[in-house]
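Heads up, my_file00.txt below (compact mmCIF, C-alpha atoms and all ligand atoms):
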# COMPACT_ATOMS: atom_id res chain seq x y z
CA MET C 1 37.83 85.05 41.76
CA LEU C 2 40.86 87.24 42.44
CA LEU C 3 41.48 87.08 46.17
CA PHE C 4 44.45 89.44 46.37
CA ASP C 5 46.10 92.21 44.34
CA ARG C 6 48.40 90.95 41.62
CA LYS C 7 51.40 92.53 40.00
CA ARG C 8 53.30 91.14 37.04
CA VAL C 9 56.98 90.26 36.97
CA PHE C 10 58.03 89.82 33.33
CA GLY C 11 54.42 88.99 32.47
CA VAL C 12 53.90 86.51 35.29
CA PRO C 13 51.39 87.43 38.03
CA VAL C 14 52.33 87.42 41.73
CA ASN C 15 50.10 88.26 44.70
CA ILE C 16 50.87 91.16 47.00
CA VAL C 17 50.02 89.46 50.24
CA ASN C 18 51.26 88.32 53.64
CA LEU C 19 51.13 85.02 55.49
CA ASP C 20 48.48 86.04 58.04
CA LYS C 21 46.11 87.26 55.33
CA ILE C 22 46.55 84.03 53.37
CA LEU C 23 45.85 81.89 56.44
CA ASP C 24 42.76 83.97 57.30
CA THR C 25 41.50 83.62 53.73
CA ILE C 26 42.14 79.87 53.72
CA THR C 27 40.16 79.53 56.97
CA TYR C 28 37.32 81.59 55.49
CA LEU C 29 37.22 79.51 52.28
CA ILE C 30 37.23 76.19 54.16
CA GLU C 31 34.59 77.37 56.64
CA LYS C 32 32.24 78.43 53.84
CA ASP C 33 33.04 75.20 51.98
CA SER C 34 34.29 77.02 48.88
CA LYS C 35 35.67 74.39 46.49
CA GLY C 36 38.55 74.35 44.05
CA ASN C 37 40.86 77.05 45.46
CA ASN C 38 44.47 76.51 44.62
CA ILE C 39 47.81 77.85 45.73
CA MET C 40 50.80 78.03 43.43
CA ALA C 41 54.25 79.32 44.27
CA VAL C 42 56.03 81.90 42.12
CA ASN C 43 59.81 82.11 42.08
CA ALA C 44 62.51 83.23 39.65
CA GLU C 45 62.78 79.87 37.95
CA LYS C 46 59.03 79.59 37.39
CA ILE C 47 58.80 83.17 36.12
CA MET C 48 61.44 82.41 33.47
CA TYR C 49 59.82 79.11 32.56
CA ALA C 50 56.31 80.59 32.31
CA GLN C 51 57.50 83.23 29.84
CA LYS C 52 58.29 80.44 27.39
CA ASN C 53 55.52 78.04 28.37
CA GLN C 54 52.08 79.50 27.72
CA PHE C 55 50.37 76.55 29.37
CA LEU C 56 52.22 77.06 32.66
CA LEU C 57 51.45 80.79 32.43
CA LYS C 58 47.74 79.95 32.01
CA CYS C 59 47.88 77.59 35.03
CA LEU C 60 49.36 80.43 37.09
CA GLU C 61 46.86 83.00 35.75
CA ASN C 62 43.99 80.76 36.85
CA SER C 63 45.38 80.12 40.32
CA SER C 64 43.56 81.56 43.35
CA PHE C 65 46.77 82.31 45.28
CA LEU C 66 50.16 83.09 43.73
CA ILE C 67 52.56 83.28 46.62
CA PRO C 68 55.92 85.08 46.28
CA ASP C 69 57.86 81.93 47.18
CA GLY C 70 61.35 83.07 46.30
CA ALA C 71 63.46 86.15 47.00
CA GLY C 72 63.62 86.62 43.21
CA ALA C 73 59.91 87.41 43.12
CA THR C 74 60.00 89.84 46.06
CA VAL C 75 63.16 91.64 44.88
CA ALA C 76 61.72 91.98 41.36
CA LEU C 77 58.47 93.39 42.77
CA LYS C 78 60.52 95.99 44.64
CA VAL C 79 62.72 96.89 41.66
CA ILE C 80 59.99 96.92 39.01
CA HIS C 81 56.95 98.13 40.94
CA SER C 82 58.54 99.66 44.09
CA ILE C 83 56.35 97.32 46.14
CA LYS C 84 57.68 95.73 49.30
CA THR C 85 56.00 92.42 50.00
CA GLU C 86 56.61 89.52 52.34
CA ARG C 87 58.31 86.44 50.96
CA ILE C 88 56.22 83.34 51.63
CA PRO C 89 58.17 80.12 50.99
CA GLY C 90 55.78 77.37 49.87
CA ALA C 91 57.25 74.97 52.46
CA ASP C 92 56.52 77.45 55.28
CA LEU C 93 52.98 78.02 54.04
CA MET C 94 52.38 74.28 53.89
CA LEU C 95 53.51 73.82 57.51
CA ASN C 96 51.34 76.73 58.58
CA ILE C 97 48.34 75.18 56.84
CA CYS C 98 49.13 71.90 58.64
CA ARG C 99 49.25 73.74 61.98
CA LEU C 100 46.00 75.56 61.19
CA SER C 101 44.33 72.32 60.06
CA ALA C 102 45.46 70.52 63.23
CA GLU C 103 43.93 73.31 65.32
CA LYS C 104 40.66 73.45 63.38
CA GLY C 105 40.31 69.76 62.58
CA TYR C 106 40.51 70.21 58.78
CA LYS C 107 41.18 67.04 56.81
CA ILE C 108 44.39 66.73 54.80
CA PHE C 109 45.40 64.49 51.88
CA ILE C 110 49.02 64.27 50.76
CA TYR C 111 49.81 63.33 47.16
CA GLY C 112 53.31 63.21 45.71
CA ALA C 113 56.95 62.10 46.05
CA LYS C 114 58.28 58.55 46.21
CA GLU C 115 56.33 56.03 48.28
CA GLU C 116 58.84 55.88 51.15
CA VAL C 117 59.22 59.68 51.19
CA ASN C 118 55.47 60.23 51.23
CA LYS C 119 54.99 57.70 54.03
CA LYS C 120 57.84 59.14 56.12
CA ALA C 121 56.66 62.72 55.60
CA VAL C 122 53.17 61.77 56.84
CA GLU C 123 54.72 60.16 59.94
CA LYS C 124 56.86 63.26 60.58
CA LEU C 125 53.85 65.57 60.20
CA LYS C 126 51.92 63.45 62.71
CA GLU C 127 54.84 63.78 65.14
CA SER C 128 55.03 67.55 64.67
CA PHE C 129 51.27 68.15 64.84
CA PRO C 130 49.74 65.46 67.08
CA ASN C 131 46.16 66.57 66.26
CA ILE C 132 46.67 66.58 62.51
CA ASN C 133 43.98 64.71 60.59
CA ILE C 134 45.65 63.16 57.53
CA VAL C 135 42.84 61.24 55.88
CA GLY C 136 44.77 59.87 52.94
CA ARG C 137 48.03 59.80 51.04
CA SER C 138 49.44 58.61 47.75
CA ASN C 139 52.88 58.60 46.20
CA GLY C 140 53.39 60.80 43.15
CA TYR C 141 53.99 58.04 40.63
CA VAL C 142 50.39 57.24 39.69
CA SER C 143 49.92 56.28 36.04
CA SER C 144 47.35 58.08 33.90
CA GLU C 145 45.27 54.87 33.81
CA ASP C 146 45.08 54.94 37.62
CA MET C 147 44.31 58.65 37.86
CA ASP C 148 40.53 58.15 38.06
CA SER C 149 40.97 55.90 41.05
CA LEU C 150 43.28 58.45 42.74
CA ILE C 151 40.65 61.18 42.17
CA LYS C 152 38.03 58.85 43.71
CA GLN C 153 40.35 58.09 46.65
CA ILE C 154 40.84 61.83 47.28
CA ASN C 155 37.11 62.60 47.01
CA ASP C 156 36.09 59.58 49.12
CA SER C 157 38.47 60.74 51.86
CA LYS C 158 36.40 63.97 52.07
CA THR C 159 39.61 65.89 52.48
CA GLN C 160 39.43 69.66 52.66
CA VAL C 161 43.10 70.35 52.00
CA LEU C 162 45.15 68.61 49.31
CA PHE C 163 48.92 68.99 49.01
CA VAL C 164 50.41 68.07 45.63
CA ALA C 165 54.16 67.39 45.56
CA LEU C 166 55.06 66.52 41.97
CA GLY C 167 57.66 69.25 41.33
CA SER C 168 57.20 72.07 38.87
CA PRO C 169 55.65 72.36 36.26
CA LYS C 170 54.17 68.87 36.68
CA GLN C 171 52.14 69.79 39.76
CA GLU C 172 50.75 73.02 38.25
CA ILE C 173 49.66 71.06 35.17
CA TRP C 174 48.14 68.29 37.31
CA ILE C 175 46.25 70.77 39.49
CA SER C 176 44.89 72.66 36.46
CA LYS C 177 43.79 69.42 34.82
CA TYR C 178 42.12 67.72 37.78
CA LEU C 179 41.03 70.42 40.25
CA SER C 180 37.52 70.75 38.78
CA ARG C 181 36.94 67.04 39.51
CA LEU C 182 38.11 67.32 43.10
CA ASN C 183 35.84 68.24 46.00
CA VAL C 184 38.64 69.88 47.95
CA ASN C 185 38.56 73.40 49.37
CA ILE C 186 42.28 74.14 49.10
CA CYS C 187 44.95 72.55 46.93
CA GLN C 188 48.59 73.61 47.27
CA GLY C 189 51.46 72.67 44.97
CA ILE C 190 54.41 72.03 47.30
CA GLY C 191 57.25 70.89 44.98
CA GLY C 192 59.95 68.97 46.82
CA THR C 193 58.71 69.84 50.34
CA LEU C 194 57.91 66.22 51.28
CA ASP C 195 61.56 65.33 50.67
CA THR C 196 62.63 67.97 53.21
CA ILE C 197 59.95 66.95 55.72
CA ALA C 198 60.97 63.29 55.39
CA GLY C 199 64.55 64.39 55.96
CA ASN C 200 66.21 62.95 52.86
CA VAL C 201 66.79 66.42 51.38
CA LYS C 202 67.98 68.97 53.91
CA ARG C 203 66.32 72.36 53.90
CA ALA C 204 68.81 75.21 53.60
CA PRO C 205 70.26 76.54 56.88
CA VAL C 206 68.67 79.69 58.31
CA PHE C 207 71.32 82.00 56.80
CA PHE C 208 70.36 80.95 53.25
CA ARG C 209 66.63 81.12 54.02
CA LYS C 210 66.87 84.57 55.61
CA THR C 211 68.92 86.00 52.76
CA GLY C 212 66.71 84.45 50.09
CA THR C 213 69.59 82.39 48.73
CA GLU C 214 68.18 78.91 49.35
CA TRP C 215 68.74 78.22 45.64
CA ILE C 216 72.53 78.64 46.08
CA TYR C 217 72.44 76.02 48.84
CA ARG C 218 70.42 73.70 46.58
CA LEU C 219 72.92 74.22 43.76
CA ILE C 220 75.78 73.23 46.06
CA LYS C 221 73.88 70.19 47.36
CA GLN C 222 72.33 69.13 44.04
CA PRO C 223 74.72 70.25 41.27
CA GLN C 224 72.71 68.16 38.79
CA ARG C 225 70.13 70.97 38.94
CA ILE C 226 72.57 73.34 37.15
CA LYS C 227 70.25 73.69 34.11
CA ARG C 228 67.49 74.96 36.34
CA HIS C 229 69.88 77.43 37.95
CA ILE C 230 70.80 78.98 34.61
CA LYS C 231 67.20 80.26 34.45
CA ILE C 232 67.71 81.92 37.84
CA TRP C 233 70.87 83.69 36.60
CA HIS C 234 69.01 84.97 33.52
CA PHE C 235 66.32 86.27 35.85
CA ILE C 236 68.86 88.04 38.09
CA ILE C 237 70.50 89.67 35.06
CA LYS C 238 67.12 90.93 33.80
CA VAL C 239 66.27 92.43 37.20
CA ILE C 240 69.72 94.06 37.54
CA LYS C 241 69.32 95.60 34.07
CA ILE C 242 66.02 97.19 35.07
CA TRP C 243 67.48 98.38 38.36
CA LEU C 244 70.42 99.99 36.56
CA ILE C 245 68.25 101.68 33.92
CA LYS C 246 65.97 103.06 36.63
CA LYS C 247 68.94 104.24 38.68
CA ILE C 248 70.62 105.99 35.75
CA THR C 249 67.59 107.48 34.00
CA HIS C 250 65.17 107.87 36.92
CA ILE C 251 62.51 106.73 34.45
CA PRO C 252 59.76 104.56 35.92
CA ILE C 253 59.78 101.38 33.88
CA SER C 254 56.71 99.27 33.57
CA THR C 255 57.65 95.79 32.46
CA SER C 256 54.85 93.36 31.88
N1 LIG X 301 57.71 63.72 41.79
C1 LIG X 301 56.59 62.93 41.83
N2 LIG X 301 56.11 62.42 40.67
C2 LIG X 301 56.67 62.68 39.47
C3 LIG X 301 57.81 63.53 39.44
C4 LIG X 301 58.31 64.04 40.62
O1 LIG X 301 56.04 62.68 42.90
O2 LIG X 301 56.18 62.18 38.46
C5 LIG X 301 58.23 64.26 43.06
C6 LIG X 301 59.67 63.88 43.36
O3 LIG X 301 59.73 62.59 43.93
C7 LIG X 301 60.06 64.97 44.34
C8 LIG X 301 59.27 66.18 43.82
O4 LIG X 301 58.26 65.66 42.98
O5 LIG X 301 59.61 64.64 45.63
C9 LIG X 301 60.10 67.14 42.98
O6 LIG X 301 60.94 67.82 43.78
P1 LIG X 301 61.76 69.09 43.24
O7 LIG X 301 62.67 69.48 44.34
O8 LIG X 301 62.35 68.80 41.89
O9 LIG X 301 60.59 70.15 43.04
P2 LIG X 301 60.64 71.74 42.99
O10 LIG X 301 60.35 72.17 44.40
O11 LIG X 301 62.00 72.15 42.53
O12 LIG X 301 59.54 72.08 42.04

So, in terms of structure tokens, how does the structure I just supplied come out?
Amino acid sequence: MLLFDRKRVFGVPVNIVNLDKILDTITYLIEKDSKGNNIMAVNAEKIMYAQKNQFLLKCLENSSFLIPDGAGATVALKVIHSIKTERIPGADLMLNICRLSAEKGYKIFIYGAKEEVNKKAVEKLKESFPNINIVGRSNGYVSSEDMDSLIKQINDSKTQVLFVALGSPKQEIWISKYLSRLNVNICQGIGGTLDTIAGNVKRAPVFFRKTGTEWIYRLIKQPQRIKRHIKIWHFIIKVIKIWLIKKITHIPISTS
């Protein structure tokens, strides 16, 4: 079921949506006990990766929500389709779902990251949202032999919301593989968000977040991620090329 309008950025779909609408839709889906809805984040890096990786593209195509997580996605939507849409960082959406769940009493399960990070993040979430109902957790280093027992643990917990923090594309692949066996209403891939909640990776200061340049901050802090940043530069060059062609020729370009 397509919940929101989608537009393509270099062949990769992104929802045209805002945070309030997503939260209302999540509430509606949980209240009517609709199973197997998933949220994946789309950013410049993932758009470049999905162009080369058909399996990741298929995972994204089949996702219920494709949030414009990075400034790359929102700027490209503006340049290519002349559509202005709100940027919804996955980490912000996760915290909003936690707040909503604490208010409504929805159950949450948190899967992913190293054991100490996962544990600390759960403690921090309980401090931030005293009414939060975290019914289970697991670190993200479960072997394939133990996957059946993790699925059972998640289903036995009767959780309604599942957060998966395995990084990309691992989490998208995991969600696509196992979601049909899970009795959850909402499943969100949250990348490295547990590391920032636990406090061992600092989230970018407000300036970087507001200007959509969180990735520059991450590059400075984690230079070992340089390979991943090359994809972002390729993306920026592609978008600038389209912007220039449109500016010079005034021809509407439809890139898919
Ligand atoms: N991770 C995991 N299991 C794995 C591989 C990674 O739980 O098999 C976790 C890792 O500990 C980290 C997160 O996934 O917490 C990856 O974070 P990263 O910042 O690389 O993700 P991104 O947001 O860039 O996709």

Worksheet entry | Among listed residues C:Ala198, C:Ala44, C:Ile30, C:Val14, nearest Gly105 (chain C) (using all atoms listed in the file) | C:Ile30

Item to complete: Enumerate residues in contact with ligand LIG 301 (chain X): an atom-to-atom distance of at most 10 Å, counting all atoms listed in the file. Format the result as a ChimeraX atom specification.
Response: /C:41,45-46,90-91,111-118,138-143,164-172,189-196,198,200-201,215,218,222,225,228

Worksheet, complete the sentence: Nearest to Glu61 (chain C), restricted to only C-alpha atoms and choosing among C:Ile154, C:Leu77, C:Leu29, C:Val42, comes out as C:Val42

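Ranking C:Phe65, C:Tyr217, C:Phe10, C:Phe207 by their shortest atom-to-atom distance to Tyr49 (chain C), with all atoms listed in the file included, puts C:Phe10 first.
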
Response to the item:
CA of Thr85 (chain C) sits from CA of Pro68 (chain C) at a separation of 8.2 Å

Item to complete: Would you list the contacts of region 2-6 of chain C as a VMD selection string, taking every protein, DNA or RNA residue within 7 Å and counting all atoms listed in the file, but skipping same-chain residues closer than 6 positions in sequence?
Response: chain C and resid 13 to 17 64

Around all listed atoms of region 107-117 of chain C, padded 8 Å per side, what centre and edge lengths does the axis-aligned box have in Å to one decimal, as AutoDock Vina command-line options?
--center_x 50.2 --center_y 61.5 --center_z 51.3 --size_x 34.0 --size_y 27.2 --size_z 27.1

Practice prompt. List the neighbours of Ile88 (chain C) out to 7 Å using all atoms listed in the file; skip same-chain residues closer than 3 positions along the sequence, and give me the result as a list in words.
Written response: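 Skipping anything fewer than 3 positions along the chain leaves Leu19, Ile67, Pro68, Asp69, Asp92 and Leu93 of chain C.
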
File of the preceding selection, C-alpha atoms, as a compact mmCIF listing (two decimals), keeping the file's coordinate frame:
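Output contents, as saved in out.txt:
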# COMPACT_ATOMS: atom_id res chain seq x y z
CA LEU C 19 51.13 85.02 55.49
CA ILE C 67 52.56 83.28 46.62
CA PRO C 68 55.92 85.08 46.28
CA ASP C 69 57.86 81.93 47.18
CA ASP C 92 56.52 77.45 55.28
CA LEU C 93 52.98 78.02 54.04
